[in-house]
Amino acid sequence: MNSTAIDNGVLTFTPNNIEVSYIYEQFNCLDSVATNYDSISFNIKGPEAASVSIELQTVTDCSATEYQSFYYTVNGLSGSLQTINIPLNSWEGANLQGVVGFLWYGFSAGLTGTDNEWQLDNVQFLCADVPPPDDPAPPGTTAPPETTEPTEPTSKPTDPPATVTTTITVTVPGGGVTTTTTTSGGHWSTSTTTRRTTTTKRPGRPTTTKRPTWPTDPPWWDDDPWWGGWPGDDDRAKPQVTVTATATAAPVISSIKQGPVVTARAESAACEHLLIDDWVSQSRLTFLYYNALLKSTSDDGTMKSVVVNHNRVTFTPADTDSYFYSQVGCIDARAYGGISLRINAPAGTTFDVQLSSTKGKCGTEQTTDAILTTKQLGWTFNGKEQLYSIPFSKFEGLDLSKFEMIFISNLKKPVTFGPMALYCGNTVVEYIPAATAEPSGPTETVPAPAGKATTLVIDKFANSETNALGQWHGADEGMTLTFRNNKMTLKTNDSDLMWVTQVSDKCRDLTEFDGSYLHIAYTGSNLFTVALQQHNEKCNNDIYPYPETWDSLEASRYASETDIYIPLSHFNVDRKRAIGFAFKGFYSQTSTVFSKIEIVNSVPKGFTIPEKLPSGTFVFACKRPNSFAFAIDDGDPVFAQQVMKTIEDEGITVTFFTVGAPLRDPTTNLSAIYNEMAAKGHQIALHSYTHPPLEGLPDDAAIDWEYTNDIEAVKETFNGLTPKYFRPPFGTEGARMRQRLAALIDEPYIVQWSVDVEDWLWAESDTPEKQLEAFKRDVAAGGNIVVMHYLYNSTVSYLKEFIQIAKATGKQLMRVDQCMMDPNAPPLPDEKA
């Protein structure tokens, strides 16, 4: 402590630091059960809105030389001397027949950050039949006024059930570690009831025993997730369950999960907590600009970066004008006490928190805004993740019956937020995302049989231009390649890029190697896709599509630390028309060093081969002769009616690939628009939930989240429809995204394109007519599946001309499923039903 003093039986002290300052009381071993004590009571004064933690020390029996420690946190002190009464069963798991001490620590800063004087008095056990004492009334003070209870909201937000497992690891003095794991059946955790368990040698009393120290791992956001590589789970620090500088709305003791419950508002039991954002998806946040409520959220491009990783988001400001907002949609928030979230920020960080409510009727743009600084909220930061609350009671003038938005501004340093949620009443409750289990898949392996063909050496990386066959090898622009000592080092952070080594400049028949294996000698990362490309049926490089298709396999499934062996039979393509092998779909920034690519007739003894996983049908072109399909991706709803009128006037049907999240957003009206399109005979197909490059996502669980949400959104919107046609966002394809789609949808089609209007390049340029040139070029080369968006006025205005150009080829225009001759597709007009 910086100072301690006793005056009239009251201990007054000034803590030195939240991390090191504490006060303890020890006494002879007490059996509180036999003596009928059921709670501990004490008077305490701390800064307004401050928090303090209390450690209960117990022994297994009164002759034990070790004691166990259990922890409890009280938030939202009143700023005046008040009585705190804590039932002993709040320290869950403690042996109440062997109580030996209490320790107060974690004295947080308060609302102003300048008042750091604390007082402690009248520490006592209370018998079960004795009511808790009232707050002391020092001279010159009056009891706080009663709080007017707001009315219950008219509608209740819902939260999906989940099973959450929390593991807490605490380092104890002397280096020992105790780990406690608990499992609960929901997303919500009462943050103010923080319990931990440690074991400490019990020295002879009186002796000072320091409280547990906290891990000092660097924050997980030191690694850039999507564009800077994906760190492993071991690289990221576990969320700390620590003492926090949490400001709560009123001087209310935290609720307890077992035993008596003290609640702030009678109606809080009828309220349900509301998630604002769980930071589950980069693309939902920074591509679609949605939060978990599917309401608008954005930094409007003011941040240097906004990076999502493992249910956390890191905001790196470009300057003090950077800001971020998240709207909730003019909701009735009167049953809520505030917003909870975890924050990790460097020491000395400050920023502003603004809450806004709508003036007048919902839907108007005028708002009432209330702003507090983090200092005014009593927040301090130390580079560790801690739980904070934004209490509504501190923001004067808000109309909580029309709560609209949270706005973060005036950032000067990178800040990481955890899930952000509204909590009911004044008991701060934290949203804990459900643990995501990796989807289980087939793991069966079989001994590798020997083939009969001789070895074919494809690449030894002797130079950067050609391989061992004298054929071209090379990469998409953006990959980093280094050739040295007959090795190639490849590095990329873009899952859409590929490197190719050709076996022929046209077609090569590899069926002579059926029964043999593709062998890749490598070191470094094996988190990528290996694909075998198939030429078109004329083996003509000038005819689209070129390549016609390929099959993709996950390198890591077939890999040891230094070698990859893949049966050629696992590549589900026409191997009589082989072009070459491609390495693509990289989802790690770790480099890979390649030293040889060859086809061999056997593998090392003991090497086993995994079973081939289904990967769907990958198409660039129609299968039906003389057919042509417009496959249109999502666009701007303002152009939807114009698009429908054009295709109706031209008498054709098309396929619409739709993103799932906007279907659930009523403000887009897309659900009504697409239902009208479907009613007119157009095909509805999948395009992911939030439009990320799927193969670049960190794991199968993240890919599955996109698929399952997209599938459910389409089912909800189109009366149970489950399409099996899918277009990858950005055209980014790889083994994992294909395998996971095939695991969730039977025999899916992954649909690319062979006609690109290049609206993304020309629509808003000075030469939008180049979209017509691109369309004509690809149609002339034989392309027959289109990619376009109705995002731009110029593109939509050219649609009629696009259709007429396609009709002029003499081909029949139809839906994608029809052009693929899908037996489940509706019959063409000239076919019998």
# chains A, B, ... in the order shown; residues from 1 in each chain; ligands from 1
>>> residues_around(residues="segment 355-367 of chain A", least_positions_apart="6", cutoff="6 Å", atoms="only C-alpha atoms", output="short mmCIF file (atom, residue, chain, number, x, y, z; two decimals) with N, CA, C and O atoms, in the first residue's frame")
data_model
loop_
_atom_site.label_atom_id
_atom_site.label_comp_id
_atom_site.auth_asym_id
_atom_site.auth_seq_id
_atom_site.Cartn_x
_atom_site.Cartn_y
_atom_site.Cartn_z
N CYS A 330 -32.78 0.80 -32.83
CA CYS A 330 -33.87 1.48 -32.12
C CYS A 330 -34.69 0.49 -31.29
O CYS A 330 -35.89 0.34 -31.48
N LEU A 398 -30.19 9.75 -22.28
CA LEU A 398 -30.57 8.75 -23.27
C LEU A 398 -32.02 8.33 -23.09
O LEU A 398 -32.50 8.21 -21.96
N ASP A 399 -32.69 8.08 -24.18
CA ASP A 399 -34.02 7.48 -24.15
C ASP A 399 -33.84 5.99 -24.43
O ASP A 399 -33.76 5.56 -25.58
N LYS A 402 -35.58 3.72 -26.99
CA LYS A 402 -35.23 3.77 -28.41
C LYS A 402 -33.70 3.80 -28.56
O LYS A 402 -33.14 4.69 -29.18
N PHE A 403 -33.06 2.82 -27.94
CA PHE A 403 -31.60 2.74 -27.98
C PHE A 403 -31.15 2.38 -29.39
O PHE A 403 -31.64 1.43 -29.99
N GLU A 404 -30.19 3.11 -29.91
CA GLU A 404 -29.85 3.01 -31.33
C GLU A 404 -28.43 2.51 -31.60
O GLU A 404 -28.22 1.68 -32.48
N MET A 405 -27.40 2.98 -30.85
CA MET A 405 -26.05 2.76 -31.34
C MET A 405 -25.00 2.93 -30.25
O MET A 405 -25.19 3.70 -29.31
N ILE A 406 -23.88 2.20 -30.40
CA ILE A 406 -22.66 2.44 -29.64
C ILE A 406 -21.61 2.92 -30.62
O ILE A 406 -21.48 2.38 -31.73
#
>>> select_by_dssp(residues="segment 543-767 of chain A", states="strand (DSSP E or B)", output="MDAnalysis selection string")
chainID A and resid 549:554 559 563:567 578:584 592:600 608:610 617:619 627:633 655:658 683:686 725:726 749:751 755:756
>>> closest_residue(among="A:Asn309, A:Ser588, A:Lys413, A:Gln739", to="Asp551 of chain A", atoms="only C-alpha atoms")
A:Gln739
>>> residues_around(residues="segment 38-43 of chain A", least_positions_apart="3", cutoff="7 Å", atoms="only C-alpha atoms", output="MDAnalysis selection string")
chainID A and resid 32 81:88 120:128
>>> write_last_selection(atoms="N, CA and C atoms", output="PDB file, in the first residue's frame")
ATOM      1  N   SER A  32     -17.436 -23.004   9.996  1.00  0.00           N
ATOM      2  CA  SER A  32     -18.580 -22.090   9.897  1.00  0.00           C
ATOM      3  C   SER A  32     -19.906 -22.846   9.865  1.00  0.00           C
ATOM      4  N   LEU A  81     -19.163   4.720   2.193  1.00  0.00           N
ATOM      5  CA  LEU A  81     -19.013   3.550   3.044  1.00  0.00           C
ATOM      6  C   LEU A  81     -20.307   2.745   2.984  1.00  0.00           C
ATOM      7  N   GLN A  82     -20.201   1.477   2.609  1.00  0.00           N
ATOM      8  CA  GLN A  82     -21.385   0.646   2.449  1.00  0.00           C
ATOM      9  C   GLN A  82     -21.108  -0.743   3.007  1.00  0.00           C
ATOM     10  N   THR A  83     -22.180  -1.447   3.323  1.00  0.00           N
ATOM     11  CA  THR A  83     -22.057  -2.796   3.854  1.00  0.00           C
ATOM     12  C   THR A  83     -22.193  -3.805   2.729  1.00  0.00           C
ATOM     13  N   ILE A  84     -21.217  -4.706   2.670  1.00  0.00           N
ATOM     14  CA  ILE A  84     -21.258  -5.804   1.701  1.00  0.00           C
ATOM     15  C   ILE A  84     -21.467  -7.096   2.479  1.00  0.00           C
ATOM     16  N   ASN A  85     -22.451  -7.862   2.086  1.00  0.00           N
ATOM     17  CA  ASN A  85     -22.713  -9.153   2.718  1.00  0.00           C
ATOM     18  C   ASN A  85     -22.643 -10.235   1.641  1.00  0.00           C
ATOM     19  N   ILE A  86     -21.734 -11.204   1.819  1.00  0.00           N
ATOM     20  CA  ILE A  86     -21.529 -12.236   0.805  1.00  0.00           C
ATOM     21  C   ILE A  86     -21.813 -13.596   1.428  1.00  0.00           C
ATOM     22  N   PRO A  87     -22.804 -14.325   0.947  1.00  0.00           N
ATOM     23  CA  PRO A  87     -23.033 -15.692   1.451  1.00  0.00           C
ATOM     24  C   PRO A  87     -21.779 -16.541   1.240  1.00  0.00           C
ATOM     25  N   LEU A  88     -21.431 -17.343   2.228  1.00  0.00           N
ATOM     26  CA  LEU A  88     -20.209 -18.146   2.126  1.00  0.00           C
ATOM     27  C   LEU A  88     -20.274 -19.157   0.994  1.00  0.00           C
ATOM     28  N   LEU A 120     -11.974   0.178   5.135  1.00  0.00           N
ATOM     29  CA  LEU A 120     -12.467  -1.153   5.488  1.00  0.00           C
ATOM     30  C   LEU A 120     -12.762  -1.176   6.985  1.00  0.00           C
ATOM     31  N   ASP A 121     -13.901  -1.797   7.352  1.00  0.00           N
ATOM     32  CA  ASP A 121     -14.316  -1.765   8.752  1.00  0.00           C
ATOM     33  C   ASP A 121     -15.301  -2.903   9.003  1.00  0.00           C
ATOM     34  N   ASN A 122     -15.378  -3.312  10.270  1.00  0.00           N
ATOM     35  CA  ASN A 122     -16.465  -4.167  10.745  1.00  0.00           C
ATOM     36  C   ASN A 122     -16.550  -5.491   9.984  1.00  0.00           C
ATOM     37  N   VAL A 123     -15.423  -6.179   9.882  1.00  0.00           N
ATOM     38  CA  VAL A 123     -15.384  -7.488   9.221  1.00  0.00           C
ATOM     39  C   VAL A 123     -15.927  -8.525  10.198  1.00  0.00           C
ATOM     40  N   GLN A 124     -16.966  -9.258   9.806  1.00  0.00           N
ATOM     41  CA  GLN A 124     -17.582 -10.189  10.752  1.00  0.00           C
ATOM     42  C   GLN A 124     -18.306 -11.308  10.026  1.00  0.00           C
ATOM     43  N   PHE A 125     -18.345 -12.470  10.678  1.00  0.00           N
ATOM     44  CA  PHE A 125     -19.215 -13.556  10.228  1.00  0.00           C
ATOM     45  C   PHE A 125     -20.628 -13.292  10.753  1.00  0.00           C
ATOM     46  N   LEU A 126     -21.620 -13.648   9.930  1.00  0.00           N
ATOM     47  CA  LEU A 126     -23.013 -13.492  10.354  1.00  0.00           C
ATOM     48  C   LEU A 126     -23.663 -14.859  10.477  1.00  0.00           C
ATOM     49  N   CYS A 127     -24.452 -15.008  11.527  1.00  0.00           N
ATOM     50  CA  CYS A 127     -25.199 -16.241  11.714  1.00  0.00           C
ATOM     51  C   CYS A 127     -26.354 -16.296  10.710  1.00  0.00           C
ATOM     52  N   ALA A 128     -26.803 -17.527  10.449  1.00  0.00           N
ATOM     53  CA  ALA A 128     -27.829 -17.723   9.438  1.00  0.00           C
ATOM     54  C   ALA A 128     -29.128 -17.007   9.784  1.00  0.00           C
TER      55      ALA A 128
END
>>> residues_around(residues="Asp505 of chain A", least_positions_apart="5", cutoff="8 Å", atoms="only C-alpha atoms", output="list in words")
Gln471, Trp472 and Ile579 of chain A
>>> write_last_selection(atoms="N, CA, C and O atoms", output="PDB file, in the first residue's frame")
ATOM      1  N   GLN A 471       8.518 -28.172 -69.731  1.00  0.00           N
ATOM      2  CA  GLN A 471       7.256 -27.450 -69.790  1.00  0.00           C
ATOM      3  C   GLN A 471       7.297 -26.245 -68.839  1.00  0.00           C
ATOM      4  O   GLN A 471       8.116 -26.177 -67.920  1.00  0.00           O
ATOM      5  N   TRP A 472       6.340 -25.343 -69.078  1.00  0.00           N
ATOM      6  CA  TRP A 472       6.287 -24.124 -68.267  1.00  0.00           C
ATOM      7  C   TRP A 472       5.857 -24.427 -66.832  1.00  0.00           C
ATOM      8  O   TRP A 472       5.023 -25.287 -66.579  1.00  0.00           O
ATOM      9  N   ILE A 579      -3.338 -31.415 -67.931  1.00  0.00           N
ATOM     10  CA  ILE A 579      -2.522 -30.242 -68.291  1.00  0.00           C
ATOM     11  C   ILE A 579      -1.336 -30.126 -67.343  1.00  0.00           C
ATOM     12  O   ILE A 579      -0.188 -29.966 -67.755  1.00  0.00           O
TER      13      ILE A 579
END
>>> closest_residue(among="A:Thr380, A:Asn28, A:Thr350, A:Thr12", to="Ser108 of chain A", atoms="only C-alpha atoms")
A:Thr380
>>> closest_residue(among="A:Ser765, A:Val755, A:Leu744, A:Asp633", to="Arg727 of chain A", atoms="only C-alpha atoms")
A:Asp633
>>> closest_residue(among="A:Asp636, A:Glu831, A:Glu66, A:Glu733", to="Val619 of chain A", atoms="only C-alpha atoms")
A:Glu733
>>> closest_atom_pairs(of="segment 577-604 of chain A", to="segment 458-463 of chain A", cutoff="8 Å", atoms="only C-alpha atoms", output="Markdown table")
| residue | atom | partner | partner_atom | distance |
| --- | --- | --- | --- | --- |
| A:Phe594 | CA | A:Phe461 | CA | 7.9 |
| A:Ser595 | CA | A:Lys460 | CA | 6.0 |
| A:Lys596 | CA | A:Lys460 | CA | 4.8 |
| A:Ile597 | CA | A:Asp459 | CA | 5.0 |
| A:Glu598 | CA | A:Ile458 | CA | 5.0 |
| A:Ile599 | CA | A:Ile458 | CA | 7.5 |
>>> residues_around(residues="Ser627 of chain A", least_positions_apart="5", cutoff="7 Å", atoms="only C-alpha atoms", output="NGL selection string")
:A and (622 or 811-813 or 819)
>>> write_last_selection(atoms="N, CA, C and O atoms", output="tab-separated table (two decimals), in the first residue's frame")
chain	number	residue	atom	x	y	z
A	622	CYS	N	-21.22	-25.18	-69.31
A	622	CYS	CA	-22.42	-26.02	-69.39
A	622	CYS	C	-22.07	-27.39	-69.94
A	622	CYS	O	-21.16	-27.54	-70.78
A	811	LYS	N	-27.35	-20.33	-79.27
A	811	LYS	CA	-27.47	-21.21	-78.10
A	811	LYS	C	-28.76	-20.90	-77.36
A	811	LYS	O	-29.30	-19.79	-77.42
A	812	GLN	N	-29.25	-21.91	-76.63
A	812	GLN	CA	-30.48	-21.76	-75.86
A	812	GLN	C	-30.14	-21.26	-74.46
A	812	GLN	O	-29.29	-21.85	-73.78
A	813	LEU	N	-30.77	-20.19	-74.02
A	813	LEU	CA	-30.49	-19.62	-72.71
A	813	LEU	C	-31.35	-20.30	-71.65
A	813	LEU	O	-32.55	-20.49	-71.85
A	819	CYS	N	-28.63	-26.26	-67.70
A	819	CYS	CA	-27.50	-26.40	-68.62
A	819	CYS	C	-26.54	-27.50	-68.18
A	819	CYS	O	-25.74	-28.00	-68.98
>>> atom_distance(atom1="atom CA of Ser504 of chain A", atom2="atom CA of Ile750 of chain A")
25.9 Å
>>> atom_distance(atom1="atom CA of Lys538 of chain A", atom2="atom CA of Lys623 of chain A")
14.5 Å
>>> atom_distance(atom1="atom CA of Ala370 of chain A", atom2="atom CA of Gly397 of chain A")
7.0 Å
